[in-house]
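File shown here: start18.tsv, holding TSV, C-alpha atoms and all ligand atoms.
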```tsv
chain	number	residue	atom	x	y	z
A	284	ALA	CA	0.00	0.00	0.00
A	285	ALA	CA	2.87	2.37	0.72
A	286	GLY	CA	4.33	1.47	-2.67
A	287	SER	CA	1.07	2.46	-4.28
A	288	ALA	CA	0.77	5.68	-2.31
A	289	ILE	CA	4.36	6.88	-2.69
A	290	GLY	CA	4.96	7.80	-6.29
A	291	LEU	CA	4.95	10.67	-8.72
A	292	GLY	CA	2.19	12.23	-6.63
A	293	ASN	CA	4.71	12.95	-3.88
A	294	ILE	CA	7.83	13.87	-5.78
A	295	TRP	CA	6.57	15.29	-9.05
A	296	ARG	CA	3.08	16.57	-8.28
A	297	PHE	CA	3.18	17.78	-4.69
A	298	PRO	CA	6.09	20.26	-5.16
A	299	TYR	CA	4.69	21.82	-8.31
A	300	LEU	CA	1.19	22.17	-6.84
A	301	THR	CA	2.77	23.79	-3.77
A	302	GLY	CA	4.62	26.17	-6.07
A	303	GLU	CA	1.53	27.02	-8.08
A	304	ASN	CA	-0.56	27.58	-4.95
A	305	GLY	CA	1.66	29.88	-2.98
A	306	GLY	CA	3.67	27.54	-0.73
A	307	SER	CA	3.17	27.10	2.98
A	308	ALA	CA	-0.56	27.91	3.28
A	309	PHE	CA	-1.25	25.26	0.64
A	310	ILE	CA	0.82	22.73	2.58
A	311	ILE	CA	-1.12	23.41	5.78
A	312	ILE	CA	-4.46	22.92	4.02
A	313	TYR	CA	-3.10	19.79	2.36
A	314	LEU	CA	-1.97	18.35	5.71
A	315	PHE	CA	-5.38	19.15	7.15
A	316	CYS	CA	-7.06	17.23	4.28
A	317	ILE	CA	-4.68	14.29	4.77
A	318	ILE	CA	-5.35	14.05	8.51
A	319	ILE	CA	-9.08	14.79	8.55
A	320	VAL	CA	-10.23	13.29	5.25
A	321	GLY	CA	-7.52	11.05	3.78
A	322	PHE	CA	-6.74	9.04	6.89
A	323	SER	CA	-10.44	8.30	7.52
A	324	VAL	CA	-11.14	7.34	3.92
A	325	MET	CA	-8.16	5.00	3.97
A	326	ILE	CA	-9.48	3.28	7.09
A	327	ALA	CA	-12.87	2.96	5.37
A	328	GLU	CA	-11.32	1.43	2.23
A	329	PHE	CA	-9.18	-1.04	4.20
A	330	ALA	CA	-12.24	-2.02	6.25
A	331	VAL	CA	-14.47	-2.72	3.25
A	332	GLY	CA	-11.68	-4.63	1.52
A	333	ARG	CA	-10.92	-6.79	4.50
A	334	ARG	CA	-14.54	-7.48	5.30
A	335	THR	CA	-15.40	-8.63	1.78
A	336	SER	CA	-12.01	-10.03	0.68
A	337	LEU	CA	-12.88	-8.75	-2.80
A	338	ALA	CA	-11.55	-6.15	-5.26
A	339	ALA	CA	-13.33	-2.83	-5.78
A	340	VAL	CA	-16.39	-3.69	-7.88
A	341	GLY	CA	-16.96	-7.10	-6.30
A	342	ALA	CA	-16.71	-5.64	-2.80
A	343	TYR	CA	-19.48	-3.12	-3.37
A	344	LYS	CA	-21.58	-5.58	-5.35
A	345	SER	CA	-21.36	-8.25	-2.65
A	346	GLN	CA	-23.03	-5.85	-0.22
A	347	SER	CA	-25.63	-4.42	-2.57
A	348	ARG	CA	-26.16	-4.38	-6.33
A	349	ASN	CA	-27.21	-0.73	-6.07
A	350	TRP	CA	-23.67	0.14	-5.09
A	351	THR	CA	-21.91	-1.54	-8.00
A	352	PHE	CA	-21.60	1.83	-9.77
A	353	ALA	CA	-19.32	3.11	-7.00
A	354	GLY	CA	-16.81	0.36	-7.78
A	355	VAL	CA	-17.14	0.94	-11.51
A	356	LEU	CA	-16.47	4.64	-11.01
A	357	GLY	CA	-13.22	3.67	-9.30
A	358	VAL	CA	-12.20	1.50	-12.25
A	359	ILE	CA	-12.89	4.40	-14.61
A	360	SER	CA	-10.80	6.72	-12.41
A	361	GLY	CA	-7.87	4.32	-12.47
A	362	PHE	CA	-8.16	4.01	-16.21
A	363	PHE	CA	-8.11	7.78	-16.73
A	364	ILE	CA	-5.22	8.37	-14.31
A	365	MET	CA	-3.33	5.88	-16.46
A	366	GLY	CA	-4.05	8.26	-19.34
A	367	PHE	CA	-1.33	10.61	-18.13
A	368	TYR	CA	0.66	8.96	-15.31
A	369	PRO	CA	2.83	6.79	-17.62
A	370	VAL	CA	3.82	9.91	-19.56
A	371	VAL	CA	5.53	11.28	-16.45
A	372	GLY	CA	6.83	7.79	-15.66
A	373	GLY	CA	8.43	7.90	-19.12
A	374	TRP	CA	10.04	11.26	-18.35
A	375	SER	CA	11.60	9.71	-15.23
A	376	LEU	CA	13.00	6.82	-17.26
A	377	ALA	CA	14.35	9.21	-19.89
A	378	TYR	CA	16.09	11.29	-17.23
A	379	ILE	CA	18.06	8.26	-16.01
A	380	PHE	CA	19.82	8.29	-19.38
A	381	LYS	CA	19.85	12.03	-19.83
A	382	SER	CA	21.86	12.24	-16.59
A	383	ILE	CA	24.90	11.17	-18.58
A	384	THR	CA	24.11	12.73	-21.95
A	385	GLY	CA	24.45	16.45	-21.35
A	386	LEU	CA	21.52	17.21	-19.04
A	387	LEU	CA	23.84	18.29	-16.25
A	388	ALA	CA	26.33	20.21	-18.42
A	389	VAL	CA	24.86	23.69	-17.89
A	390	PRO	CA	22.79	24.24	-14.72
A	391	GLU	CA	20.91	27.16	-16.28
A	392	ALA	CA	19.78	25.06	-19.25
A	393	THR	CA	17.74	22.39	-17.44
A	394	GLY	CA	14.49	24.28	-18.02
A	395	GLU	CA	15.07	24.56	-21.75
A	396	ILE	CA	16.13	20.93	-22.02
A	397	PHE	CA	12.97	19.80	-20.24
A	398	GLY	CA	10.71	22.00	-22.39
A	399	ALA	CA	12.31	20.78	-25.60
A	400	PHE	CA	12.11	17.15	-24.47
A	401	ILE	CA	8.43	17.00	-23.48
A	402	GLY	CA	7.38	19.04	-26.51
A	403	ALA	CA	9.22	16.78	-28.97
A	404	PRO	CA	6.98	14.64	-31.16
A	405	VAL	CA	8.70	11.26	-30.84
A	406	GLU	CA	11.22	10.93	-27.99
A	407	PRO	CA	8.83	11.21	-25.01
A	408	LEU	CA	6.46	8.77	-26.73
A	409	ILE	CA	9.17	6.14	-26.90
A	410	TRP	CA	9.84	6.47	-23.18
A	411	THR	CA	6.13	6.34	-22.37
A	412	VAL	CA	5.81	3.13	-24.36
A	413	ILE	CA	8.83	1.61	-22.61
A	414	TYR	CA	7.31	2.58	-19.27
A	415	MET	CA	3.99	0.99	-20.27
A	416	LEU	CA	5.75	-2.21	-21.35
A	417	LEU	CA	7.28	-2.48	-17.87
A	418	ASN	CA	3.79	-2.16	-16.38
A	419	VAL	CA	2.41	-4.77	-18.74
A	420	ALA	CA	5.24	-7.19	-17.98
A	421	ILE	CA	4.54	-6.94	-14.26
A	422	VAL	CA	0.74	-6.94	-14.27
A	423	ALA	CA	0.36	-9.67	-16.92
A	424	LYS	CA	2.34	-12.02	-14.65
A	425	GLY	CA	0.01	-11.39	-11.72
A	426	ILE	CA	1.84	-11.34	-8.44
A	427	ALA	CA	4.47	-8.65	-8.55
A	428	GLY	CA	7.38	-10.49	-6.93
A	429	GLY	CA	10.10	-8.77	-8.93
A	430	ILE	CA	8.85	-5.27	-8.44
A	431	GLU	CA	8.45	-5.90	-4.75
A	432	LYS	CA	12.09	-6.90	-4.47
A	433	ALA	CA	13.23	-3.93	-6.57
A	434	SER	CA	11.18	-1.51	-4.53
A	435	LYS	CA	12.50	-2.88	-1.24
A	436	VAL	CA	15.93	-1.70	-2.37
A	437	LEU	CA	15.06	1.36	-4.41
A	438	MET	CA	12.50	2.96	-2.09
A	439	PRO	CA	15.00	3.28	0.78
A	440	THR	CA	17.50	4.47	-1.85
A	441	LEU	CA	15.07	7.19	-2.87
A	442	PHE	CA	14.74	8.17	0.77
A	443	VAL	CA	18.51	8.45	1.25
A	444	LEU	CA	18.90	10.35	-2.03
A	445	LEU	CA	16.23	12.81	-1.01
A	446	ILE	CA	18.19	13.49	2.18
A	447	ILE	CA	21.36	14.09	0.13
A	448	VAL	CA	19.47	16.44	-2.19
A	449	ILE	CA	17.94	18.29	0.77
A	450	LEU	CA	21.32	18.77	2.44
A	451	LYS	CA	22.90	19.98	-0.78
A	452	GLY	CA	19.99	22.34	-1.45
A	453	ILE	CA	19.96	23.99	1.96
A	454	SER	CA	23.73	24.45	1.86
A	455	LEU	CA	23.41	26.79	-1.14
A	456	PRO	CA	23.54	30.55	-0.52
A	457	GLY	CA	20.08	32.09	-0.70
A	458	SER	CA	18.26	28.82	0.09
A	459	SER	CA	16.68	30.09	3.31
A	460	ALA	CA	14.04	31.93	1.24
A	461	GLY	CA	12.88	28.46	0.16
A	462	LEU	CA	12.49	27.33	3.77
A	463	ARG	CA	10.50	30.45	4.55
A	464	TYR	CA	8.34	29.76	1.51
A	465	LEU	CA	7.64	26.24	2.82
A	466	PHE	CA	7.00	27.09	6.45
A	467	LYS	CA	5.75	30.67	6.68
A	468	PRO	CA	2.14	30.79	5.46
A	469	ASP	CA	0.84	33.61	3.31
A	470	TRP	CA	-2.94	33.23	3.55
A	471	SER	CA	-3.63	36.02	1.08
A	472	GLN	CA	-3.04	33.60	-1.81
A	473	VAL	CA	-5.61	31.03	-0.65
A	474	THR	CA	-8.82	30.66	-2.67
A	475	GLY	CA	-11.53	28.01	-3.00
A	476	GLY	CA	-9.45	26.58	-5.82
A	477	THR	CA	-6.49	26.14	-3.47
A	478	VAL	CA	-8.61	24.05	-1.11
A	479	LEU	CA	-9.95	21.89	-3.95
A	480	THR	CA	-6.44	21.33	-5.26
A	481	ALA	CA	-5.22	20.34	-1.80
A	482	LEU	CA	-8.14	17.96	-1.32
A	483	GLY	CA	-7.65	16.39	-4.75
A	484	GLN	CA	-3.94	15.99	-4.10
A	485	SER	CA	-4.59	14.28	-0.77
A	486	PHE	CA	-6.76	11.67	-2.52
A	487	PHE	CA	-4.31	11.27	-5.38
A	488	THR	CA	-1.21	10.88	-3.25
A	489	LEU	CA	-2.83	8.37	-0.88
A	490	SER	CA	-4.31	6.35	-3.81
A	491	LEU	CA	-7.80	6.89	-2.42
A	492	GLY	CA	-11.27	7.15	-3.89
A	493	MET	CA	-10.82	4.56	-6.63
A	494	GLY	CA	-10.82	1.18	-4.95
A	495	CYS	CA	-7.07	0.73	-4.92
A	496	MET	CA	-6.64	0.75	-1.14
A	497	LEU	CA	-9.88	-1.19	-0.89
A	498	THR	CA	-8.31	-3.95	-2.99
A	499	TYR	CA	-5.14	-3.90	-0.88
A	500	GLY	CA	-7.33	-4.07	2.23
A	501	SER	CA	-8.72	-7.35	0.94
A	502	TYR	CA	-5.26	-8.88	1.49
A	503	LEU	CA	-5.18	-7.89	5.19
A	504	ARG	CA	-5.42	-10.65	7.76
A	505	LYS	CA	-8.38	-10.51	10.10
A	506	ASP	CA	-6.18	-9.74	13.10
A	507	GLU	CA	-4.33	-6.84	11.49
A	508	ASN	CA	-4.91	-3.43	12.99
A	509	ILE	CA	-6.61	-1.32	10.32
A	510	PRO	CA	-6.05	2.20	11.71
A	511	GLY	CA	-2.46	1.25	12.52
A	512	ASN	CA	-1.79	0.15	8.94
A	513	ALA	CA	-3.51	3.23	7.56
A	514	LEU	CA	-1.44	5.45	9.84
A	515	THR	CA	1.82	3.88	8.64
A	516	VAL	CA	0.94	4.49	4.99
A	517	VAL	CA	-0.27	8.05	5.61
A	518	VAL	CA	2.80	9.01	7.65
A	519	MET	CA	5.27	7.53	5.15
A	520	ASP	CA	3.53	9.15	2.23
A	521	THR	CA	3.39	12.56	3.88
A	522	LEU	CA	7.01	12.34	4.96
A	523	VAL	CA	8.14	11.71	1.38
A	524	ALA	CA	6.05	14.62	0.07
A	525	ILE	CA	7.48	17.05	2.62
A	526	MET	CA	10.98	15.77	1.87
A	527	ALA	CA	10.39	16.39	-1.83
A	528	GLY	CA	9.37	19.95	-0.98
A	529	LEU	CA	12.52	20.37	1.11
A	530	ALA	CA	14.59	18.96	-1.73
A	531	ILE	CA	13.22	21.40	-4.26
A	532	PHE	CA	12.30	24.79	-2.81
A	533	PRO	CA	15.52	25.84	-1.04
A	534	ALA	CA	17.48	25.01	-4.23
A	535	LEU	CA	14.88	26.72	-6.40
A	536	PHE	CA	15.16	29.97	-4.48
A	537	ALA	CA	18.95	29.72	-4.39
A	538	PHE	CA	18.96	29.44	-8.19
A	539	GLY	CA	16.51	32.33	-8.55
A	540	MET	CA	13.94	30.13	-10.35
A	541	GLN	CA	10.16	30.59	-10.25
A	542	PRO	CA	8.05	28.41	-7.89
A	543	GLU	CA	5.17	28.54	-10.39
A	544	ALA	CA	7.20	26.65	-13.02
A	545	GLY	CA	4.49	23.95	-13.15
A	546	PRO	CA	4.78	20.23	-13.96
A	547	GLY	CA	8.45	20.51	-14.90
A	548	LEU	CA	9.58	21.57	-11.45
A	549	VAL	CA	11.32	18.40	-10.26
A	550	PHE	CA	12.81	17.75	-13.72
A	551	ILE	CA	14.27	21.26	-13.85
A	552	VAL	CA	15.38	22.09	-10.30
A	553	VAL	CA	16.82	18.75	-9.21
A	554	PRO	CA	19.10	18.28	-12.27
A	555	ALA	CA	20.30	21.88	-11.83
A	556	LEU	CA	21.26	20.92	-8.29
A	557	PHE	CA	23.04	17.75	-9.48
A	558	SER	CA	25.03	19.75	-11.97
A	559	HIS	CA	26.53	21.65	-9.04
A	560	MET	CA	27.78	18.40	-7.48
A	561	GLY	CA	30.81	17.79	-9.66
A	562	ASN	CA	31.80	14.24	-10.54
A	563	VAL	CA	29.27	12.50	-8.30
A	564	GLY	CA	26.43	14.55	-9.87
A	565	PRO	CA	25.67	12.14	-12.73
A	566	ILE	CA	25.76	9.08	-10.46
A	567	ILE	CA	23.40	10.64	-7.92
A	568	SER	CA	21.19	11.81	-10.77
A	569	ILE	CA	20.97	8.33	-12.30
A	570	LEU	CA	20.10	6.82	-8.93
A	571	PHE	CA	17.56	9.53	-8.18
A	572	PHE	CA	15.63	9.13	-11.43
A	573	ALA	CA	15.88	5.34	-11.29
A	574	ALA	CA	14.39	5.41	-7.80
A	575	LEU	CA	11.72	7.85	-8.98
A	576	ALA	CA	10.85	5.55	-11.89
A	577	VAL	CA	10.49	2.59	-9.52
A	578	ALA	CA	8.35	4.63	-7.11
A	579	ALA	CA	6.18	5.52	-10.11
A	580	LEU	CA	6.02	1.88	-11.24
A	581	THR	CA	4.83	0.59	-7.86
A	582	SER	CA	2.00	3.14	-8.12
A	583	SER	CA	1.01	2.65	-11.74
A	584	ILE	CA	0.88	-1.14	-11.46
A	585	SER	CA	-1.66	-0.68	-8.66
A	586	LEU	CA	-3.72	1.52	-10.99
A	587	LEU	CA	-3.50	-0.90	-13.89
A	588	GLU	CA	-4.29	-3.79	-11.57
A	589	VAL	CA	-7.61	-2.21	-10.57
A	590	VAL	CA	-8.63	-2.07	-14.24
A	591	VAL	CA	-7.32	-5.56	-15.01
A	592	ALA	CA	-8.93	-7.11	-11.90
A	593	TYR	CA	-12.26	-5.66	-13.04
A	594	LEU	CA	-11.93	-7.18	-16.52
A	595	ILE	CA	-10.97	-10.55	-15.03
A	596	ASP	CA	-13.66	-10.67	-12.33
A	597	GLU	CA	-16.58	-9.02	-14.10
A	598	LYS	CA	-15.88	-9.60	-17.81
A	599	LYS	CA	-14.33	-13.05	-17.33
A	600	MET	CA	-11.23	-12.19	-19.33
A	601	ASP	CA	-7.96	-14.03	-19.03
A	602	ARG	CA	-5.32	-12.00	-17.10
A	603	ARG	CA	-2.94	-11.62	-20.01
A	604	PHE	CA	-5.64	-10.61	-22.45
A	605	ALA	CA	-7.13	-8.14	-19.95
A	606	THR	CA	-3.69	-6.58	-19.40
A	607	TYR	CA	-2.90	-6.30	-23.12
A	608	ILE	CA	-6.24	-4.87	-24.15
A	609	SER	CA	-6.47	-2.28	-21.36
A	610	SER	CA	-2.82	-1.27	-21.82
A	611	ALA	CA	-3.32	-0.81	-25.55
A	612	VAL	CA	-6.13	1.68	-24.94
A	613	ILE	CA	-4.16	3.35	-22.13
A	614	THR	CA	-1.14	3.74	-24.43
A	615	VAL	CA	-3.27	5.56	-27.01
A	616	MET	CA	-4.50	7.92	-24.28
A	617	CYS	CA	-0.92	8.50	-23.14
A	618	VAL	CA	0.20	9.28	-26.68
A	619	LEU	CA	-2.50	11.96	-26.86
A	620	SER	CA	-1.47	13.29	-23.43
A	621	SER	CA	2.17	13.44	-24.38
A	622	LEU	CA	1.47	15.14	-27.70
A	623	SER	CA	-0.69	17.71	-25.92
A	624	MET	CA	2.60	19.08	-24.53
A	625	GLY	CA	3.80	19.88	-28.03
A	626	LYS	CA	2.42	19.09	-31.47
A	627	MET	CA	-1.20	18.82	-30.31
A	628	SER	CA	-1.17	21.68	-27.81
A	629	GLY	CA	-3.94	23.36	-29.81
A	630	VAL	CA	-6.36	20.44	-29.38
A	631	LYS	CA	-8.63	21.12	-26.40
A	632	LEU	CA	-11.25	19.11	-24.49
A	633	PHE	CA	-13.39	21.40	-22.33
A	634	GLY	CA	-10.76	24.11	-22.74
A	635	VAL	CA	-7.68	22.07	-21.72
A	636	GLY	CA	-5.26	19.68	-23.45
A	637	PHE	CA	-5.52	15.89	-23.08
A	638	PHE	CA	-2.93	15.65	-20.29
A	639	ASP	CA	-4.68	18.25	-18.14
A	640	PHE	CA	-8.08	16.85	-19.02
A	641	PHE	CA	-7.30	13.36	-17.68
A	642	ASP	CA	-5.57	14.90	-14.68
A	643	ILE	CA	-8.33	17.34	-13.69
A	644	LEU	CA	-11.14	14.88	-14.38
A	645	THR	CA	-9.71	12.27	-12.04
A	646	ASP	CA	-8.01	14.20	-9.32
A	647	LYS	CA	-10.39	17.10	-8.86
A	648	ILE	CA	-13.65	15.26	-9.58
A	649	PHE	CA	-13.69	11.44	-9.72
A	650	LEU	CA	-11.44	10.67	-6.73
A	651	ALA	CA	-13.29	13.07	-4.46
A	652	ILE	CA	-16.65	11.59	-5.49
A	653	GLY	CA	-15.25	8.07	-5.02
A	654	GLY	CA	-14.01	9.05	-1.57
A	655	MET	CA	-17.37	10.49	-0.64
A	656	LEU	CA	-19.17	7.35	-1.85
A	657	ILE	CA	-17.03	4.98	0.21
A	658	THR	CA	-17.62	7.16	3.26
A	659	ILE	CA	-21.39	7.08	2.82
A	660	PHE	CA	-21.24	3.36	2.09
A	661	VAL	CA	-19.33	2.56	5.26
A	662	GLY	CA	-21.05	5.08	7.52
A	663	TRP	CA	-24.66	4.67	6.53
A	664	PHE	CA	-24.97	1.45	4.61
A	665	MET	CA	-22.49	-1.19	5.67
A	701	LIG	N1	-0.69	7.61	-5.11
A	701	LIG	C1	0.02	7.53	-6.34
A	701	LIG	C2	1.09	8.61	-6.37
A	701	LIG	O1	1.17	9.40	-5.48
A	701	LIG	C3	-0.89	7.64	-7.54
A	701	LIG	C4	-2.10	6.77	-7.45
A	701	LIG	C5	-3.36	7.30	-7.38
A	701	LIG	C6	-1.96	5.37	-7.40
A	701	LIG	C7	-4.50	6.51	-7.26
A	701	LIG	C8	-3.07	4.56	-7.27
A	701	LIG	C9	-4.33	5.13	-7.19
A	701	LIG	O2	1.88	8.67	-7.27
```

Is it possible to give me this structure as structure tokens?
Ligand code: PHE
Amino acid sequence: AAGSAIGLGNIWRFPYLTGENGGSAFIIIYLFCIIIVGFSVMIAEFAVGRRTSLAAVGAYKSQSRNWTFAGVLGVISGFFIMGFYPVVGGWSLAYIFKSITGLLAVPEATGEIFGAFIGAPVEPLIWTVIYMLLNVAIVAKGIAGGIEKASKVLMPTLFVLLIIVILKGISLPGSSAGLRYLFKPDWSQVTGGTVLTALGQSFFTLSLGMGCMLTYGSYLRKDENIPGNALTVVVMDTLVAIMAGLAIFPALFAFGMQPEAGPGLVFIVVPALFSHMGNVGPIISILFFAALAVAALTSSISLLEVVVAYLIDEKKMDRRFATYISSAVITVMCVLSSLSMGKMSGVKLFGVGFFDFFDILTDKIFLAIGGMLITIFVGWFM
């Protein structure tokens, strides 16, 4: 469950949302949503999963046919999140290799390099496809033994690397402005939109509102402590998000960059920091992006699994076929998302490009509705 929760949401998404929403005040609202809403919803999902021993749709259906739609909504959410998540997973993979092919040569150029890379017509697509193939390989096999072993090594590695990046960042002259930005709230910037973004992010980062934690709850033994398990996942996830903020903002202010830089933040600031590290820079950079890619993988396989489990349980498909068919459609969605950063930036759905469309639809709408439904289900029905 921690592998599912800790992912791009913490290291890629959380810092850039913090930057776009004015820093510290956003973090306080976010923490409030995590503690008050996220923690409770996670307990609810674990409880339903353990009680029914079934995946999302089956769990709801086993209690009442009228509730099946709530499980199906979760499957749809997972499917749409997979419409953009692997694009960023692909960027992480690409950056492992870029670490030794010129990315770190000029610290001031990391922004331009990132912009040119994601806007290119072919290169990011190749990485997205490679990332998807890794997901397919793992999910088609069923039990994710290999990824579990890899993540047991690479997740602690990510943790250690974040500490190194934090220490390097706060040692730079001018970094204290970043700490102030993270810890001294400026409430004047807060709007209703800030609160919605913080709420959406708390669902996204904890993998809630779409049946993922519910499914993981179905693997819990009857004597396991549910709030205790939920607390462990919530604390670990929040710790990694705050560490990502500490890794990025002091360095960002030291370099005189803009906090509102958007989705490129981690791919721009962190390499700039590595390029100030001399000979060890490339090695740390490779490890960092490899660990990020694995953190992303342990999350996206949990998303894909929700879709695949639905096709197996409800549509009676064979696991391999279910994985291939859903991944094929997901890959097409990802291609559109990736191209919306460049060639297809003019194509809009409800006023936004494909990438933002899948993102906003799931994180600001579907996950929150899914979270509300599970709460009503547990509190008033089950
Ligand atoms: N929690 C994951 C992350 O932070 C993303 C995710 C969302 C995974 C929903 C599963 C379900 O990267």

One decimal place gives the CA of Ala284 (chain A)-CA of Ala327 (chain A) separation as 14.3 Å

Expected selection as a PDB file with C-alpha atoms, keeping the file's coordinate frame for ligand LIG 701 (chain A) within 9 Å, all atoms listed in the file:
```pdb
ATOM      1  CA  ALA A 285       2.870   2.370   0.720  1.00  0.00           C
ATOM      2  CA  GLY A 286       4.330   1.470  -2.670  1.00  0.00           C
ATOM      3  CA  SER A 287       1.070   2.460  -4.280  1.00  0.00           C
ATOM      4  CA  ALA A 288       0.770   5.680  -2.310  1.00  0.00           C
ATOM      5  CA  ILE A 289       4.360   6.880  -2.690  1.00  0.00           C
ATOM      6  CA  GLY A 290       4.960   7.800  -6.290  1.00  0.00           C
ATOM      7  CA  LEU A 291       4.950  10.670  -8.720  1.00  0.00           C
ATOM      8  CA  GLY A 292       2.190  12.230  -6.630  1.00  0.00           C
ATOM      9  CA  ASN A 293       4.710  12.950  -3.880  1.00  0.00           C
ATOM     10  CA  ILE A 294       7.830  13.870  -5.780  1.00  0.00           C
ATOM     11  CA  TRP A 295       6.570  15.290  -9.050  1.00  0.00           C
ATOM     12  CA  ARG A 296       3.080  16.570  -8.280  1.00  0.00           C
ATOM     13  CA  PHE A 297       3.180  17.780  -4.690  1.00  0.00           C
ATOM     14  CA  SER A 360     -10.800   6.720 -12.410  1.00  0.00           C
ATOM     15  CA  GLY A 361      -7.870   4.320 -12.470  1.00  0.00           C
ATOM     16  CA  ILE A 364      -5.220   8.370 -14.310  1.00  0.00           C
ATOM     17  CA  TYR A 368       0.660   8.960 -15.310  1.00  0.00           C
ATOM     18  CA  GLN A 484      -3.940  15.990  -4.100  1.00  0.00           C
ATOM     19  CA  SER A 485      -4.590  14.280  -0.770  1.00  0.00           C
ATOM     20  CA  PHE A 486      -6.760  11.670  -2.520  1.00  0.00           C
ATOM     21  CA  PHE A 487      -4.310  11.270  -5.380  1.00  0.00           C
ATOM     22  CA  THR A 488      -1.210  10.880  -3.250  1.00  0.00           C
ATOM     23  CA  LEU A 489      -2.830   8.370  -0.880  1.00  0.00           C
ATOM     24  CA  SER A 490      -4.310   6.350  -3.810  1.00  0.00           C
ATOM     25  CA  LEU A 491      -7.800   6.890  -2.420  1.00  0.00           C
ATOM     26  CA  GLY A 492     -11.270   7.150  -3.890  1.00  0.00           C
ATOM     27  CA  MET A 493     -10.820   4.560  -6.630  1.00  0.00           C
ATOM     28  CA  GLY A 494     -10.820   1.180  -4.950  1.00  0.00           C
ATOM     29  CA  CYS A 495      -7.070   0.730  -4.920  1.00  0.00           C
ATOM     30  CA  MET A 496      -6.640   0.750  -1.140  1.00  0.00           C
ATOM     31  CA  ASP A 520       3.530   9.150   2.230  1.00  0.00           C
ATOM     32  CA  ALA A 578       8.350   4.630  -7.110  1.00  0.00           C
ATOM     33  CA  ALA A 579       6.180   5.520 -10.110  1.00  0.00           C
ATOM     34  CA  LEU A 580       6.020   1.880 -11.240  1.00  0.00           C
ATOM     35  CA  THR A 581       4.830   0.590  -7.860  1.00  0.00           C
ATOM     36  CA  SER A 582       2.000   3.140  -8.120  1.00  0.00           C
ATOM     37  CA  SER A 583       1.010   2.650 -11.740  1.00  0.00           C
ATOM     38  CA  ILE A 584       0.880  -1.140 -11.460  1.00  0.00           C
ATOM     39  CA  SER A 585      -1.660  -0.680  -8.660  1.00  0.00           C
ATOM     40  CA  LEU A 586      -3.720   1.520 -10.990  1.00  0.00           C
ATOM     41  CA  LEU A 587      -3.500  -0.900 -13.890  1.00  0.00           C
ATOM     42  CA  VAL A 589      -7.610  -2.210 -10.570  1.00  0.00           C
ATOM     43  CA  ASP A 646      -8.010  14.200  -9.320  1.00  0.00           C
ATOM     44  CA  LEU A 650     -11.440  10.670  -6.730  1.00  0.00           C
TER      45      LEU A 650
END
```

Can you list, as number ranges by chain, every protein, DNA or RNA residue that comes within 9 Å of Pro404 (chain A) when you count only C-alpha atoms, leaving out same-chain residues fewer than 3 positions away? A: 400-401, 407-408, 621-622, 625-626

Determine the nearest neighbour of Asn418 (chain A) from the options A:Val436, A:Ala592, A:Ala534, A:Met365, counting all atoms listed in the file.
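Nearest candidate to Asn418 (chain A) out of A:Val436, A:Ala592, A:Ala534, A:Met365: A:Met365.
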
Self-check item: Ile531 (chain A) environment, 7 Å, all atoms listed in the file, sequence neighbours closer than 3 positions dropped, as a list in words
Solution: Ala527, Gly528, Ala534, Leu535, Val549, Val552 and Val553 of chain A

Surrounding residues of Ala330 (chain A) excluding itself and chain neighbours under 4 positions, 9 Å, all atoms listed in the file, as number ranges by chain
A: 325-326, 334-335, 497, 500-501, 509, 661

Discussion item. Neighbouring residues of Ile446 (chain A) were defined as those with any atom within 12 Å, considering all atoms listed in the file; residues of the same chain fewer than 5 positions away were excluded. Please report them as a list in words.
Written reply: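 The filter keeps Pro439, Thr440, Leu441, Lys451, Gly452, Ile453, Leu522, Val523, Ile525, Met526, Ala527, Gly528, Leu529, Ala530, Ile531, Ile567 and Phe571 of chain A.
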
Quiz item: Could you work out how far CA of Tyr414 (chain A) lies from CA of Asp596 (chain A), giving the answer in Å with one decimal?
Solution: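 These atoms are spaced 25.8 Å apart.
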
### Message
Report, in Å with one decimal, the straight-line distance from CA of Met627 (chain A) to CA of Leu300 (chain A).
### Response
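Those two atoms sit 23.8 Å apart.
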
Of the candidates A:Ile317, A:Ile413, A:Met560, A:Val473, which one gets nearest to Ala513 (chain A) if we count all atoms listed in the file?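 Under the stated criterion, the closest residue is A:Ile317.
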
Counting all atoms listed in the file, the residue among A:Met600, A:Ile566, A:Ile652, A:Ile643 that lies closest to Ile383 (chain A) is A:Ile566

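With only C-alpha atoms as the atoms that count, the residue of A:Ala433, A:Ala420, A:Pro546, A:Tyr378 with the shortest distance to Gly302 (chain A) is A:Pro546.
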
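With distances restricted to all atoms listed in the file, A:Val412 is the closest residue to Ala611 (chain A) from A:Val517, A:Val412, A:Leu479, A:Gly539.
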